[in-house]
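Peer 1: Dumping the structure here so I can ask a few things about it.
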Amino acid sequence: MPIAAPGPAVQPPLGSTDFTPPGVTPGPDTGTFVGKKAVELRGELARLQQSIAEHNAALQQLRAKVVQDSQRYHTTVGTINARLQVGTTPGNPILVQQFNSAQGDLDRVSSDIAEMNNLATRVAADSTMSAFLSESARAAFGISGAVDEDHRQLTILEDEVNRTVVLIDRLLKEVADDVRRQTAYVATERGNLNLLSAGIKSGEIYGASLVNRAMASVAGTVPDDTRSAARTGEIAGRRPLVVIRFDKPNVPYQQAVYNAVSRVLEQRPDATFDLVAVAPTAGGPARVAVNTNKSRRFAEGVLRSLVEMGLPPNKVAIAGTTSDAANTNEVHIYLR
């Protein structure tokens, strides 16, 4: 049955606001102490707004760079998936080179996000300055020796400071939202890249990372409880999701395992699994011991494949058993 290529991941939207400062209204120097204070505060506000304008320009450049790097990343990943969709050789060097390019593009997106985070720190310093100016403008009304023109200028100045405070708050919030969404996006794509790497190794397409599939179904977290080993008594009588028979070298089980586990996680994002190594009982004790070791190694290989597909190790427990019905070494996967 042909496997549909996964659709391109959707990059979360970036903010689109242009944070242009409102400007500072000039006023004449009245010659009073309060008038000189108003001139001083206007100068401070003008410098603050210049800083905001520089931060705004940096933000718009960073947003454009994030979009550019993300588009290049998704173009490369789409090319790899298209080649895997039609089939290719395991470890195709062309795909390996393209994968390295995609990984570099995602690293650049991550660096862009780090720059946004640094920008947020600088904007926070401006927020502190704006709070100081707001308090200073209010306090200037209480200074004696002012003329009416001084209070008129202070009123205008206070309004412009307050508008600047609001602008900075909006800027901080939007940058923080951008950083939060893009950080989650990059983490998701890291998982998908791990699975894409596994697909390149085997020469076949899988899809989205298993843990990302689970997280896309509900807003939740991976359960903290872990069990290092499944109890074989709990497995008896249960129907396995997948049975892998290692009756020949290089059994191509990965796609079937991925499909089965991903279907379960779409319905039950908190599902956990039992991975059981099954050895045949025929051939006497020595032969059974050899087969038991082999089946255990096969199970460990299946576990590694699941982890490469994005399934957290604490969602899988391993057990071993023997079976009269088995003719060769097998690995069974059960839904716990």
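Following the order of the structure tokens, chains are lettered A, B, ..., residues in each are numbered from 1, and ligands are numbered from 1.
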For Phe141 (chain A), please output as a list in words all residues within 8 Å (counting only C-alpha atoms; exclusion window: fewer than 3 positions along the same chain).

Peer 2: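 Near Phe141 (chain A), the qualifying residues are Ala137, Arg138, His151 and Leu154 of chain A.
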
Peer 1: Would you list, as number ranges by chain, the residues of region 81-211 of chain A that end up in helix (DSSP H, G or I) under DSSP run on this structure's backbone?

Peer 2: A: 81-86, 93-140, 148-202, 210-211

Peer 1: So that I can check the surroundings of Val288 (chain A), please list as a PDB file with all heavy atoms, in the first residue's frame every protein, DNA and RNA residue that reaches within 9 Å of it, counting only C-alpha atoms and ignoring chain neighbours fewer than 6 positions away.

Peer 2:
ATOM      1  N   ALA A 279      11.280 -15.954  21.464  1.00  0.00           N
ATOM      2  CA  ALA A 279      12.201 -16.951  20.918  1.00  0.00           C
ATOM      3  C   ALA A 279      11.484 -18.292  20.803  1.00  0.00           C
ATOM      4  O   ALA A 279      10.691 -18.659  21.682  1.00  0.00           O
ATOM      5  CB  ALA A 279      13.422 -17.082  21.824  1.00  0.00           C
ATOM      6  N   PRO A 280      11.743 -19.071  19.724  1.00  0.00           N
ATOM      7  CA  PRO A 280      11.129 -20.400  19.603  1.00  0.00           C
ATOM      8  C   PRO A 280      11.733 -21.370  20.619  1.00  0.00           C
ATOM      9  O   PRO A 280      12.878 -21.208  21.055  1.00  0.00           O
ATOM     10  CB  PRO A 280      11.478 -20.803  18.168  1.00  0.00           C
ATOM     11  CG  PRO A 280      12.674 -19.996  17.800  1.00  0.00           C
ATOM     12  CD  PRO A 280      12.565 -18.713  18.557  1.00  0.00           C
ATOM     13  N   THR A 281      10.967 -22.379  20.999  1.00  0.00           N
ATOM     14  CA  THR A 281      11.409 -23.347  22.020  1.00  0.00           C
ATOM     15  C   THR A 281      12.051 -24.581  21.418  1.00  0.00           C
ATOM     16  O   THR A 281      12.575 -25.431  22.160  1.00  0.00           O
ATOM     17  CB  THR A 281      10.218 -23.785  22.883  1.00  0.00           C
ATOM     18  OG1 THR A 281       9.199 -24.336  22.033  1.00  0.00           O
ATOM     19  CG2 THR A 281       9.661 -22.614  23.661  1.00  0.00           C
ATOM     20  N   ALA A 282      12.022 -24.716  20.108  1.00  0.00           N
ATOM     21  CA  ALA A 282      12.557 -25.926  19.472  1.00  0.00           C
ATOM     22  C   ALA A 282      14.083 -25.935  19.521  1.00  0.00           C
ATOM     23  O   ALA A 282      14.723 -24.890  19.527  1.00  0.00           O
ATOM     24  CB  ALA A 282      12.088 -25.996  18.014  1.00  0.00           C
ATOM     25  N   THR A 322       9.485 -17.095  25.533  1.00  0.00           N
ATOM     26  CA  THR A 322       9.603 -18.144  24.525  1.00  0.00           C
ATOM     27  C   THR A 322       8.204 -18.594  24.129  1.00  0.00           C
ATOM     28  O   THR A 322       7.238 -18.383  24.869  1.00  0.00           O
ATOM     29  CB  THR A 322      10.406 -19.338  25.056  1.00  0.00           C
ATOM     30  OG1 THR A 322       9.770 -19.838  26.248  1.00  0.00           O
ATOM     31  CG2 THR A 322      11.841 -18.937  25.377  1.00  0.00           C
TER      32      THR A 322
END

Peer 1: Rank A:Asn100, A:Asn56, A:Ser134, A:Asn81 by their smallest atom-to-atom distance to Arg122 (chain A), using only C-alpha atoms, and report the top residue only.

Peer 2: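 Using only C-alpha atoms, Arg122 (chain A) sits closest to A:Asn56.
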
Peer 1: Taking 2 positions as the minimum chain separation for residues in the same chain, which residues sit within 10 Å of region 157-172 of chain A when counting only C-alpha atoms? Answer as an NGL selection string.

Peer 2: :A and (15 or 17-27 or 38-39 or 41-42 or 45-46 or 48-49 or 52 or 55-56 or 59 or 119-124 or 126-138 or 151-155 or 174-178)

Peer 1: Tell me, as a list in words, which residues lie within 6 Å of Gly203 (chain A), counting only C-alpha atoms; anything in the same chain fewer than 5 positions away does not count.

Peer 2: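 Result of the neighbour search: Thr88, Thr89 and Pro90 of chain A.
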
Peer 1: Near region 294-311 of chain A, counting only C-alpha atoms, which residues have an atom at most 9 Å away, once you skip same-chain residues fewer than 5 positions from it, shown as a PDB file with all heavy atoms, in the first residue's frame?

Peer 2:
ATOM      1  N   GLY A 191      12.410  17.027  15.958  1.00  0.00           N
ATOM      2  CA  GLY A 191      11.910  15.649  16.000  1.00  0.00           C
ATOM      3  C   GLY A 191      11.636  15.102  14.620  1.00  0.00           C
ATOM      4  O   GLY A 191      11.948  13.944  14.308  1.00  0.00           O
ATOM      5  N   ASN A 192      11.057  15.935  13.756  1.00  0.00           N
ATOM      6  CA  ASN A 192      10.774  15.484  12.392  1.00  0.00           C
ATOM      7  C   ASN A 192      12.057  15.223  11.611  1.00  0.00           C
ATOM      8  O   ASN A 192      12.116  14.311  10.779  1.00  0.00           O
ATOM      9  CB  ASN A 192       9.914  16.523  11.666  1.00  0.00           C
ATOM     10  CG  ASN A 192       8.484  16.554  12.190  1.00  0.00           C
ATOM     11  OD1 ASN A 192       7.996  15.566  12.734  1.00  0.00           O
ATOM     12  ND2 ASN A 192       7.815  17.682  12.052  1.00  0.00           N
ATOM     13  N   ASN A 194      14.857  14.134  12.909  1.00  0.00           N
ATOM     14  CA  ASN A 194      15.384  12.844  13.375  1.00  0.00           C
ATOM     15  C   ASN A 194      14.737  11.689  12.619  1.00  0.00           C
ATOM     16  O   ASN A 194      15.409  10.728  12.221  1.00  0.00           O
ATOM     17  CB  ASN A 194      15.146  12.679  14.880  1.00  0.00           C
ATOM     18  CG  ASN A 194      16.026  13.589  15.717  1.00  0.00           C
ATOM     19  OD1 ASN A 194      17.082  14.030  15.254  1.00  0.00           O
ATOM     20  ND2 ASN A 194      15.615  13.876  16.933  1.00  0.00           N
ATOM     21  N   LEU A 195      13.429  11.776  12.423  1.00  0.00           N
ATOM     22  CA  LEU A 195      12.723  10.720  11.704  1.00  0.00           C
ATOM     23  C   LEU A 195      13.097  10.737  10.226  1.00  0.00           C
ATOM     24  O   LEU A 195      13.222   9.692   9.592  1.00  0.00           O
ATOM     25  CB  LEU A 195      11.215  10.874  11.869  1.00  0.00           C
ATOM     26  CG  LEU A 195      10.366   9.778  11.234  1.00  0.00           C
ATOM     27  CD1 LEU A 195      10.781   8.406  11.729  1.00  0.00           C
ATOM     28  CD2 LEU A 195       8.900  10.010  11.513  1.00  0.00           C
ATOM     29  N   LEU A 196      13.287  11.932   9.670  1.00  0.00           N
ATOM     30  CA  LEU A 196      13.698  12.024   8.269  1.00  0.00           C
ATOM     31  C   LEU A 196      15.060  11.378   8.074  1.00  0.00           C
ATOM     32  O   LEU A 196      15.306  10.715   7.056  1.00  0.00           O
ATOM     33  CB  LEU A 196      13.741  13.492   7.841  1.00  0.00           C
ATOM     34  CG  LEU A 196      13.988  13.767   6.361  1.00  0.00           C
ATOM     35  CD1 LEU A 196      12.859  13.189   5.512  1.00  0.00           C
ATOM     36  CD2 LEU A 196      14.112  15.262   6.108  1.00  0.00           C
ATOM     37  N   SER A 197      15.938  11.545   9.049  1.00  0.00           N
ATOM     38  CA  SER A 197      17.252  10.903   8.988  1.00  0.00           C
ATOM     39  C   SER A 197      17.109   9.384   8.948  1.00  0.00           C
ATOM     40  O   SER A 197      17.795   8.702   8.179  1.00  0.00           O
ATOM     41  CB  SER A 197      18.091  11.328  10.197  1.00  0.00           C
ATOM     42  OG  SER A 197      19.326  10.649  10.231  1.00  0.00           O
ATOM     43  N   ALA A 198      16.187   8.858   9.774  1.00  0.00           N
ATOM     44  CA  ALA A 198      15.949   7.421   9.754  1.00  0.00           C
ATOM     45  C   ALA A 198      15.395   6.973   8.403  1.00  0.00           C
ATOM     46  O   ALA A 198      15.744   5.905   7.895  1.00  0.00           O
ATOM     47  CB  ALA A 198      14.975   7.041  10.877  1.00  0.00           C
ATOM     48  N   GLY A 199      14.540   7.799   7.811  1.00  0.00           N
ATOM     49  CA  GLY A 199      13.997   7.467   6.497  1.00  0.00           C
ATOM     50  C   GLY A 199      15.073   7.440   5.429  1.00  0.00           C
ATOM     51  O   GLY A 199      15.064   6.577   4.537  1.00  0.00           O
ATOM     52  N   TYR A 206       8.599   8.014   6.067  1.00  0.00           N
ATOM     53  CA  TYR A 206       7.764   7.708   7.226  1.00  0.00           C
ATOM     54  C   TYR A 206       6.679   8.760   7.356  1.00  0.00           C
ATOM     55  O   TYR A 206       5.586   8.621   6.861  1.00  0.00           O
ATOM     56  CB  TYR A 206       8.612   7.621   8.502  1.00  0.00           C
ATOM     57  CG  TYR A 206       9.574   6.468   8.492  1.00  0.00           C
ATOM     58  CD1 TYR A 206      10.928   6.671   8.702  1.00  0.00           C
ATOM     59  CD2 TYR A 206       9.136   5.174   8.264  1.00  0.00           C
ATOM     60  CE1 TYR A 206      11.830   5.605   8.693  1.00  0.00           C
ATOM     61  CE2 TYR A 206      10.032   4.104   8.258  1.00  0.00           C
ATOM     62  CZ  TYR A 206      11.371   4.333   8.466  1.00  0.00           C
ATOM     63  OH  TYR A 206      12.243   3.283   8.458  1.00  0.00           O
ATOM     64  N   GLY A 207       6.993   9.859   8.001  1.00  0.00           N
ATOM     65  CA  GLY A 207       6.005  10.914   8.213  1.00  0.00           C
ATOM     66  C   GLY A 207       6.511  11.841   9.295  1.00  0.00           C
ATOM     67  O   GLY A 207       7.693  12.092   9.401  1.00  0.00           O
ATOM     68  N   ALA A 208       5.598  12.326  10.131  1.00  0.00           N
ATOM     69  CA  ALA A 208       6.001  13.208  11.228  1.00  0.00           C
ATOM     70  C   ALA A 208       6.504  12.378  12.397  1.00  0.00           C
ATOM     71  O   ALA A 208       6.156  11.212  12.557  1.00  0.00           O
ATOM     72  CB  ALA A 208       4.818  14.065  11.665  1.00  0.00           C
ATOM     73  N   SER A 209       7.346  12.991  13.223  1.00  0.00           N
ATOM     74  CA  SER A 209       7.848  12.325  14.417  1.00  0.00           C
ATOM     75  C   SER A 209       6.693  11.813  15.269  1.00  0.00           C
ATOM     76  O   SER A 209       5.672  12.473  15.415  1.00  0.00           O
ATOM     77  CB  SER A 209       8.687  13.311  15.229  1.00  0.00           C
ATOM     78  OG  SER A 209       8.997  12.801  16.501  1.00  0.00           O
ATOM     79  N   LEU A 210       6.863  10.616  15.843  1.00  0.00           N
ATOM     80  CA  LEU A 210       5.781  10.014  16.624  1.00  0.00           C
ATOM     81  C   LEU A 210       5.379  10.885  17.807  1.00  0.00           C
ATOM     82  O   LEU A 210       4.196  11.038  18.100  1.00  0.00           O
ATOM     83  CB  LEU A 210       6.205   8.623  17.107  1.00  0.00           C
ATOM     84  CG  LEU A 210       6.322   7.559  16.024  1.00  0.00           C
ATOM     85  CD1 LEU A 210       6.869   6.257  16.608  1.00  0.00           C
ATOM     86  CD2 LEU A 210       4.976   7.304  15.348  1.00  0.00           C
ATOM     87  N   VAL A 211       6.357  11.464  18.498  1.00  0.00           N
ATOM     88  CA  VAL A 211       5.989  12.307  19.631  1.00  0.00           C
ATOM     89  C   VAL A 211       5.280  13.560  19.156  1.00  0.00           C
ATOM     90  O   VAL A 211       4.368  14.073  19.809  1.00  0.00           O
ATOM     91  CB  VAL A 211       7.232  12.659  20.486  1.00  0.00           C
ATOM     92  CG1 VAL A 211       8.164  13.618  19.770  1.00  0.00           C
ATOM     93  CG2 VAL A 211       6.803  13.245  21.827  1.00  0.00           C
ATOM     94  N   ASN A 212       5.629  14.072  17.962  1.00  0.00           N
ATOM     95  CA  ASN A 212       4.926  15.245  17.437  1.00  0.00           C
ATOM     96  C   ASN A 212       3.504  14.901  17.043  1.00  0.00           C
ATOM     97  O   ASN A 212       2.593  15.716  17.181  1.00  0.00           O
ATOM     98  CB  ASN A 212       5.680  15.810  16.235  1.00  0.00           C
ATOM     99  CG  ASN A 212       7.016  16.415  16.638  1.00  0.00           C
ATOM    100  OD1 ASN A 212       7.226  16.735  17.798  1.00  0.00           O
ATOM    101  ND2 ASN A 212       7.918  16.554  15.685  1.00  0.00           N
ATOM    102  N   PHE A 246      11.816 -12.329  12.206  1.00  0.00           N
ATOM    103  CA  PHE A 246      13.177 -12.180  11.702  1.00  0.00           C
ATOM    104  C   PHE A 246      13.635 -13.497  11.078  1.00  0.00           C
ATOM    105  O   PHE A 246      14.526 -14.183  11.594  1.00  0.00           O
ATOM    106  CB  PHE A 246      14.101 -11.729  12.837  1.00  0.00           C
ATOM    107  CG  PHE A 246      13.835 -10.322  13.299  1.00  0.00           C
ATOM    108  CD1 PHE A 246      12.917 -10.081  14.316  1.00  0.00           C
ATOM    109  CD2 PHE A 246      14.466  -9.247  12.693  1.00  0.00           C
ATOM    110  CE1 PHE A 246      12.653  -8.780  14.728  1.00  0.00           C
ATOM    111  CE2 PHE A 246      14.202  -7.947  13.100  1.00  0.00           C
ATOM    112  CZ  PHE A 246      13.293  -7.714  14.108  1.00  0.00           C
ATOM    113  N   TYR A 253      11.008  -3.861   8.589  1.00  0.00           N
ATOM    114  CA  TYR A 253       9.843  -3.742   9.458  1.00  0.00           C
ATOM    115  C   TYR A 253       9.482  -2.291   9.790  1.00  0.00           C
ATOM    116  O   TYR A 253       8.394  -2.018  10.301  1.00  0.00           O
ATOM    117  CB  TYR A 253      10.111  -4.479  10.778  1.00  0.00           C
ATOM    118  CG  TYR A 253      11.275  -3.937  11.560  1.00  0.00           C
ATOM    119  CD1 TYR A 253      11.139  -2.831  12.400  1.00  0.00           C
ATOM    120  CD2 TYR A 253      12.538  -4.528  11.459  1.00  0.00           C
ATOM    121  CE1 TYR A 253      12.211  -2.332  13.104  1.00  0.00           C
ATOM    122  CE2 TYR A 253      13.619  -4.028  12.157  1.00  0.00           C
ATOM    123  CZ  TYR A 253      13.462  -2.928  12.988  1.00  0.00           C
ATOM    124  OH  TYR A 253      14.526  -2.440  13.677  1.00  0.00           O
ATOM    125  N   GLN A 254      10.380  -1.333   9.508  1.00  0.00           N
ATOM    126  CA  GLN A 254      10.228   0.022  10.046  1.00  0.00           C
ATOM    127  C   GLN A 254       8.918   0.689   9.642  1.00  0.00           C
ATOM    128  O   GLN A 254       8.235   1.316  10.464  1.00  0.00           O
ATOM    129  CB  GLN A 254      11.411   0.899   9.609  1.00  0.00           C
ATOM    130  CG  GLN A 254      12.725   0.553  10.287  1.00  0.00           C
ATOM    131  CD  GLN A 254      13.489  -0.535   9.553  1.00  0.00           C
ATOM    132  OE1 GLN A 254      12.967  -1.187   8.642  1.00  0.00           O
ATOM    133  NE2 GLN A 254      14.737  -0.753   9.949  1.00  0.00           N
ATOM    134  N   VAL A 257       5.887  -0.747  11.474  1.00  0.00           N
ATOM    135  CA  VAL A 257       5.906  -0.341  12.879  1.00  0.00           C
ATOM    136  C   VAL A 257       5.487   1.116  13.020  1.00  0.00           C
ATOM    137  O   VAL A 257       4.663   1.462  13.880  1.00  0.00           O
ATOM    138  CB  VAL A 257       7.308  -0.571  13.477  1.00  0.00           C
ATOM    139  CG1 VAL A 257       7.439   0.114  14.834  1.00  0.00           C
ATOM    140  CG2 VAL A 257       7.587  -2.060  13.611  1.00  0.00           C
ATOM    141  N   TYR A 258       6.042   1.971  12.175  1.00  0.00           N
ATOM    142  CA  TYR A 258       5.692   3.395  12.237  1.00  0.00           C
ATOM    143  C   TYR A 258       4.198   3.599  12.028  1.00  0.00           C
ATOM    144  O   TYR A 258       3.542   4.331  12.773  1.00  0.00           O
ATOM    145  CB  TYR A 258       6.479   4.182  11.183  1.00  0.00           C
ATOM    146  CG  TYR A 258       6.053   5.634  11.110  1.00  0.00           C
ATOM    147  CD1 TYR A 258       6.571   6.573  11.987  1.00  0.00           C
ATOM    148  CD2 TYR A 258       5.098   6.044  10.185  1.00  0.00           C
ATOM    149  CE1 TYR A 258       6.160   7.898  11.939  1.00  0.00           C
ATOM    150  CE2 TYR A 258       4.683   7.373  10.130  1.00  0.00           C
ATOM    151  CZ  TYR A 258       5.219   8.291  11.013  1.00  0.00           C
ATOM    152  OH  TYR A 258       4.804   9.590  10.965  1.00  0.00           O
ATOM    153  N   VAL A 261       2.117   2.306  15.164  1.00  0.00           N
ATOM    154  CA  VAL A 261       2.276   3.117  16.369  1.00  0.00           C
ATOM    155  C   VAL A 261       1.695   4.519  16.168  1.00  0.00           C
ATOM    156  O   VAL A 261       1.051   5.069  17.068  1.00  0.00           O
ATOM    157  CB  VAL A 261       3.766   3.183  16.772  1.00  0.00           C
ATOM    158  CG1 VAL A 261       3.968   4.158  17.932  1.00  0.00           C
ATOM    159  CG2 VAL A 261       4.259   1.798  17.157  1.00  0.00           C
ATOM    160  N   LEU A 275       7.205  -4.072  24.279  1.00  0.00           N
ATOM    161  CA  LEU A 275       8.003  -4.634  23.202  1.00  0.00           C
ATOM    162  C   LEU A 275       8.519  -5.984  23.698  1.00  0.00           C
ATOM    163  O   LEU A 275       9.284  -6.043  24.665  1.00  0.00           O
ATOM    164  CB  LEU A 275       9.166  -3.690  22.889  1.00  0.00           C
ATOM    165  CG  LEU A 275       9.933  -3.869  21.602  1.00  0.00           C
ATOM    166  CD1 LEU A 275       9.027  -3.655  20.404  1.00  0.00           C
ATOM    167  CD2 LEU A 275      11.092  -2.881  21.554  1.00  0.00           C
ATOM    168  N   VAL A 276       8.076  -7.081  23.076  1.00  0.00           N
ATOM    169  CA  VAL A 276       8.360  -8.420  23.595  1.00  0.00           C
ATOM    170  C   VAL A 276       9.205  -9.195  22.591  1.00  0.00           C
ATOM    171  O   VAL A 276       8.812  -9.392  21.435  1.00  0.00           O
ATOM    172  CB  VAL A 276       7.056  -9.194  23.886  1.00  0.00           C
ATOM    173  CG1 VAL A 276       7.387 -10.564  24.468  1.00  0.00           C
ATOM    174  CG2 VAL A 276       6.184  -8.399  24.847  1.00  0.00           C
ATOM    175  N   ALA A 277      10.376  -9.642  23.055  1.00  0.00           N
ATOM    176  CA  ALA A 277      11.231 -10.511  22.252  1.00  0.00           C
ATOM    177  C   ALA A 277      10.760 -11.953  22.440  1.00  0.00           C
ATOM    178  O   ALA A 277      10.702 -12.445  23.565  1.00  0.00           O
ATOM    179  CB  ALA A 277      12.685 -10.370  22.694  1.00  0.00           C
ATOM    180  N   VAL A 278      10.402 -12.623  21.343  1.00  0.00           N
ATOM    181  CA  VAL A 278       9.848 -13.978  21.399  1.00  0.00           C
ATOM    182  C   VAL A 278      10.822 -14.928  20.717  1.00  0.00           C
ATOM    183  O   VAL A 278      11.159 -14.751  19.533  1.00  0.00           O
ATOM    184  CB  VAL A 278       8.474 -14.054  20.706  1.00  0.00           C
ATOM    185  CG1 VAL A 278       7.918 -15.467  20.796  1.00  0.00           C
ATOM    186  CG2 VAL A 278       7.513 -13.055  21.336  1.00  0.00           C
ATOM    187  N   ALA A 279      11.280 -15.954  21.464  1.00  0.00           N
ATOM    188  CA  ALA A 279      12.201 -16.951  20.918  1.00  0.00           C
ATOM    189  C   ALA A 279      11.484 -18.292  20.803  1.00  0.00           C
ATOM    190  O   ALA A 279      10.691 -18.659  21.682  1.00  0.00           O
ATOM    191  CB  ALA A 279      13.422 -17.082  21.824  1.00  0.00           C
ATOM    192  N   ALA A 289      18.613 -20.878  24.311  1.00  0.00           N
ATOM    193  CA  ALA A 289      19.399 -19.788  24.891  1.00  0.00           C
ATOM    194  C   ALA A 289      19.954 -18.873  23.800  1.00  0.00           C
ATOM    195  O   ALA A 289      19.939 -17.646  23.926  1.00  0.00           O
ATOM    196  CB  ALA A 289      20.541 -20.362  25.731  1.00  0.00           C
ATOM    197  N   VAL A 316       7.983   2.912  26.224  1.00  0.00           N
ATOM    198  CA  VAL A 316       8.148   1.535  25.769  1.00  0.00           C
ATOM    199  C   VAL A 316       8.800   0.716  26.880  1.00  0.00           C
ATOM    200  O   VAL A 316       9.784   1.129  27.480  1.00  0.00           O
ATOM    201  CB  VAL A 316       9.032   1.459  24.506  1.00  0.00           C
ATOM    202  CG1 VAL A 316       9.061   0.028  23.977  1.00  0.00           C
ATOM    203  CG2 VAL A 316       8.548   2.410  23.431  1.00  0.00           C
ATOM    204  N   ILE A 318      10.321  -3.297  27.673  1.00  0.00           N
ATOM    205  CA  ILE A 318      10.808  -4.490  26.961  1.00  0.00           C
ATOM    206  C   ILE A 318      10.682  -5.709  27.852  1.00  0.00           C
ATOM    207  O   ILE A 318      10.928  -5.659  29.058  1.00  0.00           O
ATOM    208  CB  ILE A 318      12.269  -4.307  26.519  1.00  0.00           C
ATOM    209  CG1 ILE A 318      12.386  -3.180  25.497  1.00  0.00           C
ATOM    210  CG2 ILE A 318      12.834  -5.591  25.942  1.00  0.00           C
ATOM    211  CD1 ILE A 318      13.778  -2.984  24.949  1.00  0.00           C
ATOM    212  N   ALA A 319      10.290  -6.824  27.244  1.00  0.00           N
ATOM    213  CA  ALA A 319      10.229  -8.112  27.933  1.00  0.00           C
ATOM    214  C   ALA A 319      10.700  -9.192  26.971  1.00  0.00           C
ATOM    215  O   ALA A 319      10.829  -8.957  25.769  1.00  0.00           O
ATOM    216  CB  ALA A 319       8.806  -8.404  28.418  1.00  0.00           C
ATOM    217  N   GLY A 320      10.971 -10.367  27.511  1.00  0.00           N
ATOM    218  CA  GLY A 320      11.369 -11.492  26.683  1.00  0.00           C
ATOM    219  C   GLY A 320      10.604 -12.739  27.086  1.00  0.00           C
ATOM    220  O   GLY A 320      10.255 -12.918  28.258  1.00  0.00           O
ATOM    221  N   ASN A 329      12.775 -16.314  15.370  1.00  0.00           N
ATOM    222  CA  ASN A 329      12.784 -15.214  16.341  1.00  0.00           C
ATOM    223  C   ASN A 329      11.804 -14.129  15.911  1.00  0.00           C
ATOM    224  O   ASN A 329      11.742 -13.768  14.727  1.00  0.00           O
ATOM    225  CB  ASN A 329      14.196 -14.634  16.455  1.00  0.00           C
ATOM    226  CG  ASN A 329      15.147 -15.578  17.146  1.00  0.00           C
ATOM    227  OD1 ASN A 329      14.922 -15.981  18.285  1.00  0.00           O
ATOM    228  ND2 ASN A 329      16.217 -15.963  16.455  1.00  0.00           N
ATOM    229  N   GLU A 330      11.053 -13.622  16.886  1.00  0.00           N
ATOM    230  CA  GLU A 330      10.037 -12.619  16.593  1.00  0.00           C
ATOM    231  C   GLU A 330      10.116 -11.496  17.618  1.00  0.00           C
ATOM    232  O   GLU A 330      10.645 -11.669  18.717  1.00  0.00           O
ATOM    233  CB  GLU A 330       8.628 -13.237  16.634  1.00  0.00           C
ATOM    234  CG  GLU A 330       8.403 -14.355  15.631  1.00  0.00           C
ATOM    235  CD  GLU A 330       7.023 -14.971  15.754  1.00  0.00           C
ATOM    236  OE1 GLU A 330       6.296 -14.623  16.730  1.00  0.00           O
ATOM    237  OE2 GLU A 330       6.669 -15.810  14.906  1.00  0.00           O
ATOM    238  N   VAL A 331       9.570 -10.345  17.223  1.00  0.00           N
ATOM    239  CA  VAL A 331       9.357  -9.236  18.165  1.00  0.00           C
ATOM    240  C   VAL A 331       7.912  -8.809  18.028  1.00  0.00           C
ATOM    241  O   VAL A 331       7.437  -8.541  16.915  1.00  0.00           O
ATOM    242  CB  VAL A 331      10.302  -8.050  17.872  1.00  0.00           C
ATOM    243  CG1 VAL A 331       9.941  -6.856  18.767  1.00  0.00           C
ATOM    244  CG2 VAL A 331      11.754  -8.448  18.098  1.00  0.00           C
ATOM    245  N   HIS A 332       7.206  -8.780  19.163  1.00  0.00           N
ATOM    246  CA  HIS A 332       5.802  -8.365  19.173  1.00  0.00           C
ATOM    247  C   HIS A 332       5.690  -6.998  19.842  1.00  0.00           C
ATOM    248  O   HIS A 332       6.367  -6.734  20.843  1.00  0.00           O
ATOM    249  CB  HIS A 332       4.940  -9.372  19.944  1.00  0.00           C
ATOM    250  CG  HIS A 332       4.920 -10.744  19.349  1.00  0.00           C
ATOM    251  ND1 HIS A 332       4.089 -11.744  19.809  1.00  0.00           N
ATOM    252  CD2 HIS A 332       5.607 -11.293  18.323  1.00  0.00           C
ATOM    253  CE1 HIS A 332       4.277 -12.834  19.103  1.00  0.00           C
ATOM    254  NE2 HIS A 332       5.211 -12.589  18.193  1.00  0.00           N
TER     255      HIS A 332
END

Peer 1: Neighbouring residues of region 33-35 of chain A were defined as those with any atom within 7 Å, considering only C-alpha atoms; residues of the same chain fewer than 4 positions away were excluded. Please report them as a VMD selection string.

Peer 2: chain A and resid 29 39 140 143 146 150

Peer 1: A:Val251, A:Ile113, A:Gly145, A:Pro313: which is nearest Ala184 (chain A), counting only C-alpha atoms?

Peer 2: A:Ile113

Peer 1: Please indicate the distance in Å from CA of Arg83 (chain A) to CA of Phe99 (chain A), rounded to one decimal place.

Peer 2: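 These atoms are spaced 12.0 Å apart.
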
Peer 1: Find, counting only C-alpha atoms, the residue in A:Thr79, A:Gln68, A:Gln182, A:Ser144 that gets nearest to Met116 (chain A).

Peer 2: A:Gln182

Peer 1: Interatomic distance between CA of Tyr73 (chain A) and CA of Ala102 (chain A)?

Peer 2: 5.1 Å

Peer 1: Work out how far CA of Ala256 (chain A) is from CA of Ile80 (chain A), in Å to one decimal.

Peer 2: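 It comes out at 20.6 Å.
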
Peer 1: Using only C-alpha atoms, which of A:Ala114, A:Ile333, A:Leu193, A:Ala286 sits nearest Val243 (chain A)?

Peer 2: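 Result for the nearest residue to Val243 (chain A): A:Ile333.
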